[in-house]
Amino acid sequence: MQQDAHKRALIAGSIGNFIEWYEFAVYGFLATVIAKNFFQLEGEGGLTSLILTYASFAIAFFFRPLGAVVFGRLGDRIGRKPTLIIVLVLMTLATAAIGIVPVYASIGIAAPLIITLLRILQGLFAGGEYGGAVSLMTEFAPRGKRGLYGAWQSFTVALGLLAGAGVVALLSALLTPEALHDWGWRIPFFLALPMGVVALWLRVSMEETPSFVHQQEKPVVAQANTASTLKAIVMGIGRVMVWSAAGYTYLVIMPTYLQSALHTGFNQALLIAVISNIGFALTIIPSGILSDRIGRRTVMIIATALLLILALPLLKILQAESSTLAVKAVVVLIAGGLVGMLAGPGPAMLSEMFPTRVRYTGLGLAYSLSNAIFSGCAGLIITGLIKETGNLDIPAYYVMVTAVVSIFALMTLRKDDHLRSLEE
């Protein structure tokens with residue numbers, strides 16, 4: 001029976017995350033289409049509309065930390081289960097609503113404003129998803145398997161990104177470019193509704209986590225030390241900074257970079273993005289399992305060091321005119337795989353940094369702040385710097401700078417964190 005509860009928690013925790021990242025992938029992969037429909041302002045060029053599209057992308061990320069605080073406090077007080085149900089319903093409705101917004105040509109400036117407002121709401125609700133899902137999975141995890149259980153959370157990120165890329169690739173293959181720009185882009189957003197219904201059913205039928213129940217049964221619960229919680233959040237941001245930056249650079253922004261900077265065709269850019277996400281998916285679970293054996297610190301430092309060393313050489317191969325599609329595929333497969341090595345142990349590492357009474361809030365805030373700054377702004381920073389400098393190596397430099405910071409932060413991890421029980 002206990003085993004069934006573990007499996008249900010794993011699936012129920014994963015599914016909301018899948019929907020969230022499916023939608024973010026769809027928005028990222030359709031960025032050029034959305035830019036033309038909503039952000040192609042009169043008298044402005046294509047790159048400006050793309051920057052505006054990424055600005056609305058970034059705004060959503062900046063509301064994630066607020067969502068992490070609001071829903072995190074709720075989750076630490078009333079429980080993981082009810083909070084995750086609330087977050088899921090709201091997130092699904094905000095995603096589906098994007099599919100019904102009229103384009104700029106129909107309602108003018110109101111169109112990009114409505115899209116941006118919906119992105120803000122999505123960011124708010126998504127901010128409440130991560131901390132709860134990771135808390136749920138790691139608190140249900142048997143001793144010695146937290147890395148594996150947490151890795152499933154990251155694995156559904158990969159599945160969501162792949163599903164988003166797959167749906168967009170299918171639509172671009174089935175529809176003419178005109179139909180895709182006209183109405184086809186709306187379909188992926190509507191698909192969030194049936195997904196949300198399945199996820200809701202799974203979450204309603206799951207149990208509350210043993211850690212939260214145990215904490216609630218205590219007669220007196222010690223108050224969390226605010227200073228130590230804030231310190232842990234800042235340290236958490238440093239440790240996952242490169243994961244956020246490299247993840248978004250290689251897994252989501254790459255198709256648009258290939259199209260706008262290297263003039264790659266839409267379908268080929270999308271195929272390369274799918275391959276990078278396959279590389280990402282392949283290494284997540286193995287690295288989570290490995291971190292249960294040799295520790296989070298070792299696995300994450302190795303991955304970060306490899307990203308620091310390989311970021312520029314890999315990008316140079318992508319840029320080379322002599323590089324075939326097969327060579328580019330291998331390059332992005334490796335890049336995606338290195339990000340997966342961070343995403344596997346990452347959730348368990350964050351979970352182990354906070355006691356039960358502040359875990360939902362603490363890990364959710366560390367993750368969402370890192371994502372707000374280093375993922376949400378990745379498209380904006382990279383596209384803006386390329387526009388200003390004309391330097392096409394910017395994506396590699398961006399990853400390298402964050403890797404240096406993360407290596408130092410990861411060095412402060414204790415080698416035996418994976419062996420200790422989650423603090424109550």
# chains A, B, ... in the order shown; residues from 1 in each chain; ligands from 1
$ residues_around --residues "range 310-324 of chain A" --least-positions-apart "5" --cutoff "10 Å" --atoms "only C-alpha atoms" --output "PyMOL selection string"
chain A and resi 246+258+261-262+304-305+329-332+334-335+338+392-400+403
$ residues_around --residues "Tyr257 in chain A" --least-positions-apart "6" --cutoff "10 Å" --atoms "only C-alpha atoms" --output "list in words"
Thr249, Tyr250, His263, Thr264, Ala269, Gly379, Ile382, Thr383, Ile386, Leu392 and Pro395 of chain A
$ write_last_selection --atoms "N, CA, C and O atoms" --output "PDB file, in the first residue's frame"
ATOM      1  N   THR A 249      19.210  28.125 -22.468  1.00  0.00           N
ATOM      2  CA  THR A 249      20.002  28.437 -23.666  1.00  0.00           C
ATOM      3  C   THR A 249      19.966  27.282 -24.666  1.00  0.00           C
ATOM      4  O   THR A 249      19.720  27.475 -25.852  1.00  0.00           O
ATOM      5  N   TYR A 250      20.211  26.063 -24.177  1.00  0.00           N
ATOM      6  CA  TYR A 250      20.321  24.911 -25.077  1.00  0.00           C
ATOM      7  C   TYR A 250      18.988  24.252 -25.422  1.00  0.00           C
ATOM      8  O   TYR A 250      18.852  23.670 -26.491  1.00  0.00           O
ATOM      9  N   HIS A 263      20.476  31.727 -39.459  1.00  0.00           N
ATOM     10  CA  HIS A 263      19.608  31.587 -40.639  1.00  0.00           C
ATOM     11  C   HIS A 263      19.311  30.125 -41.005  1.00  0.00           C
ATOM     12  O   HIS A 263      19.271  29.750 -42.171  1.00  0.00           O
ATOM     13  N   THR A 264      19.098  29.310 -39.961  1.00  0.00           N
ATOM     14  CA  THR A 264      18.701  27.911 -40.164  1.00  0.00           C
ATOM     15  C   THR A 264      17.196  27.884 -40.436  1.00  0.00           C
ATOM     16  O   THR A 264      16.457  28.713 -39.901  1.00  0.00           O
ATOM     17  N   ALA A 269      15.735  23.779 -37.373  1.00  0.00           N
ATOM     18  CA  ALA A 269      16.001  24.333 -36.038  1.00  0.00           C
ATOM     19  C   ALA A 269      15.190  23.588 -34.980  1.00  0.00           C
ATOM     20  O   ALA A 269      15.677  23.294 -33.885  1.00  0.00           O
ATOM     21  N   GLY A 379      16.701  34.594 -23.130  1.00  0.00           N
ATOM     22  CA  GLY A 379      16.367  35.014 -24.499  1.00  0.00           C
ATOM     23  C   GLY A 379      16.585  36.497 -24.699  1.00  0.00           C
ATOM     24  O   GLY A 379      17.135  36.942 -25.711  1.00  0.00           O
ATOM     25  N   ILE A 382      20.548  37.295 -24.387  1.00  0.00           N
ATOM     26  CA  ILE A 382      21.305  36.783 -25.539  1.00  0.00           C
ATOM     27  C   ILE A 382      20.950  37.526 -26.822  1.00  0.00           C
ATOM     28  O   ILE A 382      21.822  37.998 -27.548  1.00  0.00           O
ATOM     29  N   THR A 383      19.631  37.671 -27.089  1.00  0.00           N
ATOM     30  CA  THR A 383      19.196  38.360 -28.317  1.00  0.00           C
ATOM     31  C   THR A 383      19.614  39.828 -28.285  1.00  0.00           C
ATOM     32  O   THR A 383      20.084  40.380 -29.290  1.00  0.00           O
ATOM     33  N   ILE A 386      23.441  40.152 -28.767  1.00  0.00           N
ATOM     34  CA  ILE A 386      23.820  39.877 -30.164  1.00  0.00           C
ATOM     35  C   ILE A 386      23.470  41.082 -31.039  1.00  0.00           C
ATOM     36  O   ILE A 386      24.241  41.491 -31.912  1.00  0.00           O
ATOM     37  N   LEU A 392      28.191  36.497 -32.198  1.00  0.00           N
ATOM     38  CA  LEU A 392      27.339  35.306 -32.173  1.00  0.00           C
ATOM     39  C   LEU A 392      27.764  34.280 -31.116  1.00  0.00           C
ATOM     40  O   LEU A 392      27.131  33.242 -30.960  1.00  0.00           O
ATOM     41  N   PRO A 395      25.772  33.254 -26.520  1.00  0.00           N
ATOM     42  CA  PRO A 395      25.171  32.156 -25.743  1.00  0.00           C
ATOM     43  C   PRO A 395      26.200  31.354 -24.938  1.00  0.00           C
ATOM     44  O   PRO A 395      25.943  30.973 -23.792  1.00  0.00           O
TER      45      PRO A 395
END
$ residues_around --residues "range 104-114 of chain A" --least-positions-apart "6" --cutoff "9 Å" --atoms "only C-alpha atoms" --output "PDB file with C-alpha atoms, in the first residue's frame"
ATOM      1  CA  LYS A  36       4.558  38.385 -35.747  1.00  0.00           C
ATOM      2  CA  ASN A  37       1.002  37.946 -34.419  1.00  0.00           C
ATOM      3  CA  PHE A  38       1.234  39.968 -31.223  1.00  0.00           C
ATOM      4  CA  PHE A  39       4.435  42.018 -31.016  1.00  0.00           C
ATOM      5  CA  GLN A  40       5.002  43.204 -34.617  1.00  0.00           C
ATOM      6  CA  LEU A  41       4.427  46.865 -33.778  1.00  0.00           C
ATOM      7  CA  THR A  53       8.168  38.460 -27.217  1.00  0.00           C
ATOM      8  CA  SER A  56       6.810  38.946 -22.050  1.00  0.00           C
ATOM      9  CA  ILE A  98      -3.688  32.194 -24.447  1.00  0.00           C
TER      10      ILE A  98
END
$ closest_residue --among "A:Tyr130, A:Tyr248, A:Trp183, A:Phe408" --to "Val339 in chain A" --atoms "only C-alpha atoms"
A:Tyr248
$ residues_around --residues "range 281-295 of chain A" --least-positions-apart "6" --cutoff "10 Å" --atoms "only C-alpha atoms" --output "number ranges by chain"
A: 143-159, 161-162, 275, 303, 333-334, 336-349, 413-419
$ closest_residue --among "A:Leu307, A:Ile15, A:Ala133, A:Leu175" --to "Pro82 in chain A" --atoms "only C-alpha atoms"
A:Ala133
$ closest_atom_pairs --of "range 291-385 of chain A" --to "range 222-239 of chain A" --cutoff "8 Å" --atoms "only C-alpha atoms" --output "tab-separated table"
residue	atom	partner	partner_atom	distance
A:Leu350	CA	A:Gly236	CA	6.6
A:Met353	CA	A:Ala232	CA	6.6
A:Phe354	CA	A:Thr229	CA	7.4
A:Arg357	CA	A:Ala224	CA	7.1
A:Val358	CA	A:Ala224	CA	7.0
A:Gly362	CA	A:Ile233	CA	6.1
A:Leu363	CA	A:Ile233	CA	7.0
A:Leu365	CA	A:Ile233	CA	6.9
A:Ala366	CA	A:Ile233	CA	4.8
A:Tyr367	CA	A:Ile237	CA	6.5
A:Leu369	CA	A:Ile237	CA	6.9
A:Ser370	CA	A:Ile237	CA	5.1
$ closest_residue --among "A:Glu208, A:Gly247, A:Val89, A:Gly132" --to "Ala273 in chain A" --atoms "only C-alpha atoms"
A:Gly247
$ residues_around --residues "Trp185 in chain A" --least-positions-apart "6" --cutoff "9 Å" --atoms "only C-alpha atoms" --output "NGL selection string"
:A and (26 or 30 or 33-34 or 99 or 168 or 171 or 179)
